[in-house]
Structures are given as structure tokens and as C-alpha cells.
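*Asks:* start16.txt is reproduced below (compact mmCIF, N, CA and C atoms).
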```txt
# COMPACT_ATOMS: atom_id res chain seq x y z
N MET G 1041 -10.09 7.56 26.36
CA MET G 1041 -10.24 6.52 27.35
C MET G 1041 -8.89 6.07 27.89
N TYR G 1042 -7.91 5.93 27.00
CA TYR G 1042 -6.57 5.51 27.39
C TYR G 1042 -5.96 6.50 28.39
N ALA G 1043 -6.15 7.80 28.14
CA ALA G 1043 -5.61 8.84 29.03
C ALA G 1043 -6.26 8.75 30.41
N LEU G 1044 -7.55 8.46 30.47
CA LEU G 1044 -8.26 8.32 31.74
C LEU G 1044 -7.69 7.16 32.55
N VAL G 1045 -7.45 6.04 31.89
CA VAL G 1045 -6.89 4.88 32.58
C VAL G 1045 -5.50 5.20 33.12
N LEU G 1046 -4.65 5.86 32.32
CA LEU G 1046 -3.31 6.24 32.79
C LEU G 1046 -3.39 7.19 33.97
N THR G 1047 -4.32 8.13 33.93
CA THR G 1047 -4.49 9.07 35.04
C THR G 1047 -4.89 8.35 36.30
N LEU G 1048 -5.83 7.42 36.21
CA LEU G 1048 -6.27 6.66 37.38
C LEU G 1048 -5.14 5.80 37.94
N VAL G 1049 -4.34 5.21 37.07
CA VAL G 1049 -3.20 4.41 37.54
C VAL G 1049 -2.21 5.31 38.28
N PHE G 1050 -1.93 6.50 37.75
CA PHE G 1050 -1.01 7.41 38.42
C PHE G 1050 -1.55 7.83 39.78
N ILE G 1051 -2.83 8.17 39.85
CA ILE G 1051 -3.42 8.61 41.10
C ILE G 1051 -3.38 7.50 42.13
N SER G 1052 -3.66 6.28 41.73
CA SER G 1052 -3.74 5.20 42.71
C SER G 1052 -2.38 4.61 43.06
N HIS G 1053 -1.38 4.79 42.21
CA HIS G 1053 -0.09 4.16 42.48
C HIS G 1053 1.08 5.13 42.54
N GLY G 1054 0.91 6.39 42.15
CA GLY G 1054 2.04 7.30 42.06
C GLY G 1054 2.50 7.86 43.38
N PHE G 1055 1.62 8.12 44.31
CA PHE G 1055 1.97 8.83 45.51
C PHE G 1055 2.76 8.04 46.54
N PRO G 1056 2.66 6.71 46.61
CA PRO G 1056 3.52 6.01 47.56
C PRO G 1056 5.01 6.25 47.32
N ASP G 1057 5.37 6.73 46.14
CA ASP G 1057 6.77 7.06 45.88
C ASP G 1057 7.27 8.14 46.83
N PHE G 1058 6.38 8.98 47.35
CA PHE G 1058 6.82 10.01 48.30
C PHE G 1058 7.42 9.37 49.54
N ASN G 1059 6.96 8.18 49.91
CA ASN G 1059 7.51 7.51 51.09
C ASN G 1059 9.01 7.28 50.95
N ARG G 1060 9.48 7.09 49.75
CA ARG G 1060 10.91 6.88 49.53
C ARG G 1060 11.70 8.18 49.57
N LYS G 1061 11.00 9.30 49.63
CA LYS G 1061 11.66 10.61 49.65
C LYS G 1061 11.68 11.22 51.05
N ILE G 1062 11.20 10.47 52.05
CA ILE G 1062 11.11 10.96 53.43
C ILE G 1062 11.68 9.89 54.35
N PRO G 1063 12.63 10.24 55.22
CA PRO G 1063 13.23 9.21 56.08
C PRO G 1063 12.22 8.57 57.03
N ASN G 1064 12.29 7.26 57.13
CA ASN G 1064 11.44 6.49 58.05
C ASN G 1064 9.95 6.71 57.87
N SER G 1065 9.55 7.15 56.70
CA SER G 1065 8.14 7.50 56.50
C SER G 1065 7.18 6.33 56.71
N GLU G 1066 7.64 5.12 56.49
CA GLU G 1066 6.76 3.96 56.66
C GLU G 1066 6.91 3.33 58.03
N ARG G 1067 7.66 3.98 58.93
CA ARG G 1067 7.90 3.44 60.26
C ARG G 1067 7.24 4.26 61.36
N VAL G 1068 6.45 5.27 61.01
CA VAL G 1068 5.80 6.13 61.99
C VAL G 1068 4.45 5.53 62.37
N ARG G 1069 4.23 5.39 63.67
CA ARG G 1069 2.99 4.82 64.18
C ARG G 1069 1.83 5.75 63.85
N ASP G 1070 0.71 5.17 63.48
CA ASP G 1070 -0.50 5.95 63.22
C ASP G 1070 -1.23 6.13 64.54
N VAL G 1071 -1.01 7.27 65.18
CA VAL G 1071 -1.58 7.50 66.50
C VAL G 1071 -3.10 7.61 66.46
N ARG G 1072 -3.68 7.84 65.29
CA ARG G 1072 -5.14 7.96 65.19
C ARG G 1072 -5.81 6.60 65.13
N SER G 1073 -5.04 5.56 64.91
CA SER G 1073 -5.59 4.21 64.79
C SER G 1073 -5.75 3.58 66.17
N MET G 1074 -6.75 2.73 66.32
CA MET G 1074 -6.93 2.00 67.57
C MET G 1074 -5.95 0.83 67.66
N ASP G 1075 -5.29 0.52 66.56
CA ASP G 1075 -4.29 -0.54 66.54
C ASP G 1075 -2.92 0.07 66.75
N PRO G 1076 -2.29 -0.17 67.91
CA PRO G 1076 -1.01 0.47 68.21
C PRO G 1076 0.14 0.03 67.30
N SER G 1077 -0.06 -1.00 66.51
CA SER G 1077 1.02 -1.44 65.62
C SER G 1077 0.84 -0.93 64.19
N GLU G 1078 -0.21 -0.18 63.95
CA GLU G 1078 -0.48 0.30 62.59
C GLU G 1078 0.36 1.54 62.27
N ASN G 1079 0.93 1.55 61.10
CA ASN G 1079 1.76 2.67 60.66
C ASN G 1079 0.98 3.61 59.76
N VAL G 1080 1.45 4.85 59.69
CA VAL G 1080 0.89 5.83 58.78
C VAL G 1080 1.32 5.45 57.37
N ARG G 1081 0.43 5.58 56.43
CA ARG G 1081 0.77 5.28 55.05
C ARG G 1081 1.03 6.54 54.22
N ALA G 1082 0.57 7.67 54.74
CA ALA G 1082 0.73 8.94 54.00
C ALA G 1082 0.95 10.07 55.00
N LEU G 1083 2.22 10.33 55.33
CA LEU G 1083 2.55 11.35 56.34
C LEU G 1083 2.04 12.74 56.00
N GLY G 1084 1.92 13.05 54.73
CA GLY G 1084 1.54 14.40 54.32
C GLY G 1084 0.06 14.67 54.25
N HIS G 1085 -0.75 13.68 54.59
CA HIS G 1085 -2.21 13.85 54.49
C HIS G 1085 -2.87 13.80 55.85
N SER G 1086 -3.97 14.53 55.98
CA SER G 1086 -4.75 14.48 57.22
C SER G 1086 -5.31 13.08 57.44
N ASN G 1087 -5.64 12.41 56.36
CA ASN G 1087 -6.06 11.01 56.41
C ASN G 1087 -4.79 10.17 56.29
N GLY G 1088 -4.46 9.39 57.31
CA GLY G 1088 -3.22 8.62 57.32
C GLY G 1088 -3.10 7.59 56.22
N PHE G 1089 -4.21 7.30 55.54
CA PHE G 1089 -4.17 6.35 54.42
C PHE G 1089 -3.90 7.04 53.10
N GLY G 1090 -3.90 8.38 53.10
CA GLY G 1090 -3.64 9.14 51.88
C GLY G 1090 -4.90 9.70 51.28
N GLY G 1091 -4.73 10.62 50.38
CA GLY G 1091 -5.85 11.26 49.73
C GLY G 1091 -6.42 12.38 50.58
N GLY G 1092 -7.16 13.25 49.95
CA GLY G 1092 -7.79 14.34 50.68
C GLY G 1092 -6.82 15.46 51.02
N ARG G 1093 -7.18 16.21 52.02
CA ARG G 1093 -6.45 17.41 52.42
C ARG G 1093 -5.05 17.08 52.93
N LEU G 1094 -4.10 17.94 52.59
CA LEU G 1094 -2.75 17.82 53.13
C LEU G 1094 -2.71 18.37 54.55
N ASN G 1095 -1.91 17.76 55.41
CA ASN G 1095 -1.68 18.34 56.72
C ASN G 1095 -0.54 19.36 56.60
N ASP G 1096 -0.13 19.97 57.71
CA ASP G 1096 0.91 21.00 57.65
C ASP G 1096 2.23 20.46 57.12
N PHE G 1097 2.57 19.22 57.48
CA PHE G 1097 3.80 18.62 56.95
C PHE G 1097 3.68 18.45 55.43
N GLY G 1098 2.56 17.97 54.95
CA GLY G 1098 2.35 17.80 53.51
C GLY G 1098 2.46 19.12 52.76
N GLU G 1099 1.88 20.17 53.34
CA GLU G 1099 1.97 21.48 52.69
C GLU G 1099 3.42 21.97 52.65
N ASP G 1100 4.16 21.75 53.74
CA ASP G 1100 5.58 22.14 53.74
C ASP G 1100 6.38 21.30 52.75
N PHE G 1101 6.06 20.01 52.67
CA PHE G 1101 6.78 19.13 51.75
C PHE G 1101 6.61 19.63 50.31
N VAL G 1102 5.40 20.05 49.96
CA VAL G 1102 5.16 20.62 48.63
C VAL G 1102 5.94 21.93 48.48
N LYS G 1103 5.83 22.80 49.49
CA LYS G 1103 6.48 24.12 49.43
C LYS G 1103 7.99 24.00 49.26
N PHE G 1104 8.61 22.98 49.89
CA PHE G 1104 10.06 22.84 49.85
C PHE G 1104 10.55 21.90 48.75
N GLY G 1105 9.69 21.59 47.77
CA GLY G 1105 10.16 20.92 46.57
C GLY G 1105 9.87 19.43 46.44
N LEU G 1106 9.01 18.87 47.30
CA LEU G 1106 8.61 17.46 47.20
C LEU G 1106 9.77 16.49 47.35
N ILE G 1107 10.77 16.87 48.13
CA ILE G 1107 11.90 16.00 48.41
C ILE G 1107 12.47 16.38 49.77
N TRP G 1108 13.07 15.42 50.45
CA TRP G 1108 13.68 15.68 51.75
C TRP G 1108 14.94 16.51 51.54
N ASN G 1109 14.97 17.66 52.16
CA ASN G 1109 16.13 18.54 52.07
C ASN G 1109 16.28 19.28 53.39
N GLU G 1110 17.29 20.12 53.48
CA GLU G 1110 17.58 20.84 54.72
C GLU G 1110 16.38 21.67 55.19
N LYS G 1111 15.66 22.29 54.25
CA LYS G 1111 14.54 23.16 54.63
C LYS G 1111 13.41 22.37 55.29
N ILE G 1112 12.99 21.28 54.66
CA ILE G 1112 11.89 20.50 55.24
C ILE G 1112 12.35 19.81 56.52
N CYS G 1113 13.60 19.39 56.56
CA CYS G 1113 14.14 18.72 57.74
C CYS G 1113 14.18 19.65 58.94
N ARG G 1114 14.63 20.88 58.76
CA ARG G 1114 14.77 21.84 59.86
C ARG G 1114 13.45 22.49 60.26
N ALA G 1115 12.44 22.39 59.40
CA ALA G 1115 11.13 22.99 59.71
C ALA G 1115 10.45 22.21 60.83
N ASP G 1116 9.57 22.87 61.55
CA ASP G 1116 8.72 22.24 62.55
C ASP G 1116 7.28 22.40 62.05
N SER G 1117 6.90 21.55 61.12
CA SER G 1117 5.63 21.71 60.42
C SER G 1117 4.43 21.71 61.35
N ASP G 1118 4.45 20.88 62.39
CA ASP G 1118 3.29 20.80 63.27
C ASP G 1118 3.39 21.72 64.48
N GLY G 1119 4.49 22.48 64.60
CA GLY G 1119 4.61 23.47 65.65
C GLY G 1119 4.72 22.92 67.06
N ASP G 1120 5.24 21.69 67.20
CA ASP G 1120 5.32 21.09 68.54
C ASP G 1120 6.69 21.23 69.19
N GLY G 1121 7.60 21.99 68.57
CA GLY G 1121 8.90 22.21 69.17
C GLY G 1121 9.98 21.23 68.73
N ARG G 1122 9.62 20.24 67.92
CA ARG G 1122 10.60 19.29 67.38
C ARG G 1122 10.63 19.46 65.87
N THR G 1123 11.85 19.49 65.30
CA THR G 1123 11.94 19.62 63.85
C THR G 1123 11.41 18.35 63.19
N ASN G 1124 11.07 18.46 61.92
CA ASN G 1124 10.63 17.28 61.17
C ASN G 1124 11.72 16.22 61.19
N GLY G 1125 12.98 16.65 61.08
CA GLY G 1125 14.09 15.71 61.12
C GLY G 1125 14.17 14.97 62.44
N GLU G 1126 13.98 15.68 63.55
CA GLU G 1126 13.99 15.03 64.86
C GLU G 1126 12.86 14.01 64.96
N GLU G 1127 11.69 14.37 64.46
CA GLU G 1127 10.54 13.48 64.54
C GLU G 1127 10.71 12.23 63.68
N LEU G 1128 11.46 12.35 62.59
CA LEU G 1128 11.60 11.23 61.65
C LEU G 1128 12.96 10.53 61.73
N GLY G 1129 13.72 10.81 62.78
CA GLY G 1129 14.96 10.09 62.98
C GLY G 1129 16.15 10.61 62.19
N ASP G 1130 16.07 11.84 61.71
CA ASP G 1130 17.18 12.46 60.99
C ASP G 1130 17.47 13.83 61.59
N PRO G 1131 17.86 13.89 62.87
CA PRO G 1131 18.02 15.18 63.54
C PRO G 1131 19.11 16.06 62.95
N ASP G 1132 20.10 15.48 62.31
CA ASP G 1132 21.19 16.26 61.72
C ASP G 1132 20.96 16.59 60.25
N CYS G 1133 19.84 16.14 59.73
CA CYS G 1133 19.45 16.43 58.34
C CYS G 1133 20.50 15.94 57.35
N THR G 1134 20.96 14.72 57.55
CA THR G 1134 21.98 14.15 56.67
C THR G 1134 21.44 13.07 55.74
N TRP G 1135 20.21 12.62 55.97
CA TRP G 1135 19.63 11.54 55.16
C TRP G 1135 19.40 12.02 53.73
N THR G 1136 19.60 11.11 52.79
CA THR G 1136 19.28 11.40 51.39
C THR G 1136 18.31 10.33 50.89
N PRO G 1137 17.53 10.64 49.88
CA PRO G 1137 16.53 9.68 49.39
C PRO G 1137 17.11 8.35 48.92
N ASP G 1138 18.38 8.30 48.59
CA ASP G 1138 18.98 7.05 48.14
C ASP G 1138 19.45 6.18 49.30
N GLU G 1139 19.35 6.70 50.50
CA GLU G 1139 19.90 6.03 51.68
C GLU G 1139 18.79 5.42 52.52
N GLU G 1140 19.03 4.24 53.01
CA GLU G 1140 18.10 3.60 53.93
C GLU G 1140 18.55 3.88 55.35
N LEU G 1141 17.65 4.34 56.20
CA LEU G 1141 17.99 4.47 57.61
C LEU G 1141 17.86 3.09 58.23
N THR G 1142 18.80 2.74 59.07
CA THR G 1142 18.77 1.42 59.68
C THR G 1142 18.52 1.55 61.17
N CYS G 1143 18.01 0.48 61.74
CA CYS G 1143 17.76 0.45 63.17
C CYS G 1143 19.07 0.28 63.92
N ALA G 1144 19.07 0.64 65.19
CA ALA G 1144 20.28 0.51 66.01
C ALA G 1144 20.64 -0.95 66.22
N ASP G 1145 19.66 -1.82 66.20
CA ASP G 1145 19.94 -3.25 66.34
C ASP G 1145 19.26 -3.98 65.19
N GLU G 1146 19.55 -5.23 65.06
CA GLU G 1146 19.02 -6.00 63.93
C GLU G 1146 17.53 -6.32 64.07
N ASP G 1147 17.01 -6.23 65.29
CA ASP G 1147 15.61 -6.56 65.53
C ASP G 1147 14.76 -5.30 65.48
N CYS G 1148 14.56 -4.78 64.28
CA CYS G 1148 13.76 -3.57 64.12
C CYS G 1148 12.31 -3.84 64.50
N THR G 1149 11.72 -2.89 65.16
CA THR G 1149 10.29 -3.00 65.44
C THR G 1149 9.59 -1.96 64.58
N TYR G 1150 8.43 -2.30 64.16
CA TYR G 1150 7.63 -1.38 63.36
C TYR G 1150 6.30 -1.21 64.05
N PRO G 1151 5.88 -0.03 64.35
CA PRO G 1151 6.57 1.21 64.08
C PRO G 1151 7.84 1.36 64.91
N LEU G 1152 8.74 2.17 64.43
CA LEU G 1152 10.04 2.34 65.07
C LEU G 1152 9.89 3.27 66.28
N PRO G 1153 10.28 2.82 67.48
CA PRO G 1153 10.17 3.66 68.67
C PRO G 1153 10.97 4.95 68.52
N GLY G 1154 10.46 6.01 69.11
CA GLY G 1154 11.15 7.30 69.09
C GLY G 1154 10.75 8.20 67.95
N LEU G 1155 10.08 7.67 66.94
CA LEU G 1155 9.62 8.50 65.84
C LEU G 1155 8.27 9.10 66.20
N SER G 1156 7.97 10.23 65.62
CA SER G 1156 6.65 10.82 65.80
C SER G 1156 6.21 11.43 64.48
N HIS G 1157 4.96 11.77 64.40
CA HIS G 1157 4.37 12.27 63.16
C HIS G 1157 4.68 13.76 63.00
N PRO G 1158 5.33 14.16 61.90
CA PRO G 1158 5.67 15.57 61.72
C PRO G 1158 4.49 16.45 61.34
N GLY G 1159 3.33 15.86 61.15
CA GLY G 1159 2.14 16.63 60.80
C GLY G 1159 1.10 16.66 61.91
N ILE G 1160 1.39 16.02 63.04
CA ILE G 1160 0.48 16.01 64.18
C ILE G 1160 1.28 16.46 65.40
N PRO G 1161 0.91 17.58 66.04
CA PRO G 1161 1.65 18.04 67.21
C PRO G 1161 1.71 16.96 68.29
N GLN G 1162 2.80 16.96 69.04
CA GLN G 1162 3.02 15.92 70.05
C GLN G 1162 1.89 15.83 71.06
N ASP G 1163 1.30 16.96 71.48
CA ASP G 1163 0.23 16.89 72.45
C ASP G 1163 -1.00 16.18 71.87
N GLU G 1164 -1.25 16.35 70.58
CA GLU G 1164 -2.36 15.62 69.95
C GLU G 1164 -2.03 14.14 69.85
N GLU G 1165 -0.76 13.82 69.52
CA GLU G 1165 -0.35 12.41 69.48
C GLU G 1165 -0.57 11.77 70.84
N ASP G 1166 -0.18 12.47 71.90
CA ASP G 1166 -0.36 11.95 73.26
C ASP G 1166 -1.83 11.74 73.58
N GLU G 1167 -2.68 12.67 73.14
CA GLU G 1167 -4.12 12.56 73.38
C GLU G 1167 -4.70 11.33 72.66
N PHE G 1168 -4.31 11.12 71.40
CA PHE G 1168 -4.77 9.94 70.67
C PHE G 1168 -4.32 8.66 71.38
N THR G 1169 -3.06 8.66 71.85
CA THR G 1169 -2.52 7.48 72.53
C THR G 1169 -3.30 7.20 73.81
N GLU G 1170 -3.58 8.23 74.59
CA GLU G 1170 -4.34 8.04 75.84
C GLU G 1170 -5.76 7.55 75.54
N ARG G 1171 -6.38 8.09 74.50
CA ARG G 1171 -7.73 7.66 74.13
C ARG G 1171 -7.73 6.18 73.75
N ARG G 1172 -6.69 5.75 73.02
CA ARG G 1172 -6.60 4.34 72.63
C ARG G 1172 -6.41 3.47 73.86
N LYS G 1173 -5.61 3.92 74.83
CA LYS G 1173 -5.37 3.14 76.04
C LYS G 1173 -6.65 2.97 76.86
N ARG G 1174 -7.51 4.01 76.85
CA ARG G 1174 -8.75 3.96 77.63
C ARG G 1174 -9.87 3.20 76.93
N ALA G 1175 -9.73 2.97 75.64
CA ALA G 1175 -10.80 2.31 74.87
C ALA G 1175 -10.96 0.87 75.35
N PRO G 1176 -12.20 0.38 75.39
CA PRO G 1176 -12.41 -1.02 75.79
C PRO G 1176 -11.72 -1.96 74.82
N LYS G 1177 -11.11 -2.99 75.36
CA LYS G 1177 -10.43 -3.99 74.55
C LYS G 1177 -11.47 -4.95 73.97
N PRO G 1178 -11.32 -5.33 72.70
CA PRO G 1178 -12.26 -6.31 72.13
C PRO G 1178 -12.10 -7.65 72.83
N SER G 1179 -13.21 -8.32 72.98
CA SER G 1179 -13.20 -9.62 73.65
C SER G 1179 -12.56 -10.64 72.73
N SER G 1180 -11.62 -11.41 73.28
CA SER G 1180 -10.96 -12.44 72.47
C SER G 1180 -11.68 -13.78 72.60
N SER G 1181 -12.65 -13.85 73.47
CA SER G 1181 -13.36 -15.10 73.69
C SER G 1181 -14.51 -15.23 72.68
N MET G 1182 -14.55 -16.33 72.03
CA MET G 1182 -15.64 -16.60 71.09
C MET G 1182 -16.63 -17.60 71.69
N ALA G 1183 -16.48 -17.92 72.96
CA ALA G 1183 -17.36 -18.90 73.61
C ALA G 1183 -18.76 -18.34 73.71
N PRO G 1184 -19.76 -19.19 73.50
CA PRO G 1184 -21.14 -18.71 73.62
C PRO G 1184 -21.45 -18.36 75.07
N SER G 1185 -22.31 -17.38 75.25
CA SER G 1185 -22.68 -17.00 76.61
C SER G 1185 -23.63 -18.05 77.19
N PRO G 1186 -23.57 -18.23 78.53
CA PRO G 1186 -24.43 -19.22 79.15
C PRO G 1186 -25.90 -18.85 79.01
N ALA G 1187 -26.72 -19.86 78.83
CA ALA G 1187 -28.16 -19.61 78.62
C ALA G 1187 -28.90 -19.48 79.92
```
Could you write out this structure as C-alpha cells?

*Replies:*
Amino acid sequence: MYALVLTLVFISHGFPDFNRKIPNSERVRDVRSMDPSENVRALGHSNGFGGGRLNDFGEDFVKFGLIWNEKICRADSDGDGRTNGEELGDPDCTWTPDEELTCADEDCTYPLPGLSHPGIPQDEEDEFTERRKRAPKPSSSMAPSPA
């Protein structure tokens, strides 16, 4: 029973540590969400919240050793013509897991502009963004309708 509890704790809490091994991983906008301010929580998974199948970036991250290095940085996991490093704000592949990337100014916005998802090709990101723009906006009025 004790081993089962430890396994469940690892599964539910162990994987967010990968975010610290990937530059700006918590600053990438979740283009699949209808909320334009929502960030991806798990860059390596097809489900942006984590769990389930790995996307192409996740598979490459495993293949290249589960840490940010020159190989994963220079790869173009989603095949959209931009390296993973370019998409995550490390175009020169100089970031290390002990280093925090900082914004150009003190007023950082989240998600950070200019970043894109290394596991979703840019044309798909653009399609999700356009779909969100066309979606009806929820009504902010709580007033009862006239009788």
C-alpha cells in the first residue's frame, strides 16, 4: 500500500519538474484554449494539461535525454521551420536549466509574446488562434431579459 501511495504522489507531482528543464516552458500560450491568457502546463503532451500521449516535442525531449541541450534546442520537433530554441526564446541554445530567462522589460506579460509551442506547427497555432477569434464572446451581462 505504501508503494502505491508513493507511486501516485510521483505521478501527480513529479512531472512539473520538466518545466524547469525547458526555457520559458510556463510562458507559452495554450493556443488550443478559448482563453487567450491561458498557458500550456505540459509542452510535451498532446493534452496541454499533461498526461496521455506525448506530442512530437515530448518524444524528442525523451529521445534527447529529458533535459534542454543543443540537440533538443536545434531540433524542429513540430516541423514548422523554427527550431525548438527559436520557439522557446533560446535561439542560440545557450540557456541552462539553472538559469532563468528574463523579459526584456520589467513588465513581463504571460504568456510571453513571441514564444510559440514547439509541439504544434505554426500553421495549426494560427488556425487555433483564428478559431478563438471567431468564437462568440460570452455575455458579460447578468441582467434578466425583459418579459

*Asks:* Hey, what does DSSP flag as helix (DSSP H, G or I) within region 1051-1098 of chain G? Can you give it to me as a list in words?

*Replies:*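 Taking region 1051-1098 of chain G and keeping helix (DSSP H, G or I) gives Ile1051, Ser1052, His1053, Phe1055, Pro1056, Asp1057, Phe1058, Asn1059, Arg1060, Lys1061, Asp1096, Phe1097 and Gly1098 of chain G.
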
*Asks:* From the set G:Asp1120, G:Asp1100, G:Asp1138, G:Glu1164, which residue has the shortest atom-to-atom contact distance to Arg1060 (chain G), counting only C-alpha atoms?

*Replies:*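 Of G:Asp1120, G:Asp1100, G:Asp1138, G:Glu1164, the one nearest Arg1060 (chain G), counting only C-alpha atoms, is G:Asp1138.
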
*Asks:* Restricting the calculation to all atoms listed in the file, which member of G:Pro1153, G:Gly1159, G:Arg1067, G:Ala1175 is positioned closest to Asn1079 (chain G)?

*Replies:*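 Nearest to Asn1079 (chain G): G:Arg1067.
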
*Asks:* Rounded to one decimal, what separation in Å do you get between atom C of Lys1061 (chain G) and CA of Met1074 (chain G)?

*Replies:*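 Interatomic distance, atom C of Lys1061 (chain G) to CA of Met1074 (chain G): 26.5 Å.
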
*Asks:* Contacts of Ala1115 (chain G) at 7 Å or less, counting all atoms listed in the file, minus same-chain residues fewer than 5 places along, as a list in words?

*Replies:* Glu1110, Arg1122, Thr1123, Asn1124 and Gly1125 of chain G

*Asks:* CA of Ile1160 (chain G) and atom C of Glu1139 (chain G) are how many Å apart?

*Replies:*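 Between CA of Ile1160 (chain G) and atom C of Glu1139 (chain G) the gap is 24.2 Å.
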
*Asks:* Between CA of Gly1119 (chain G) and CA of Arg1174 (chain G), what is the distance, to one decimal in Å?

*Replies:* 26.5 Å
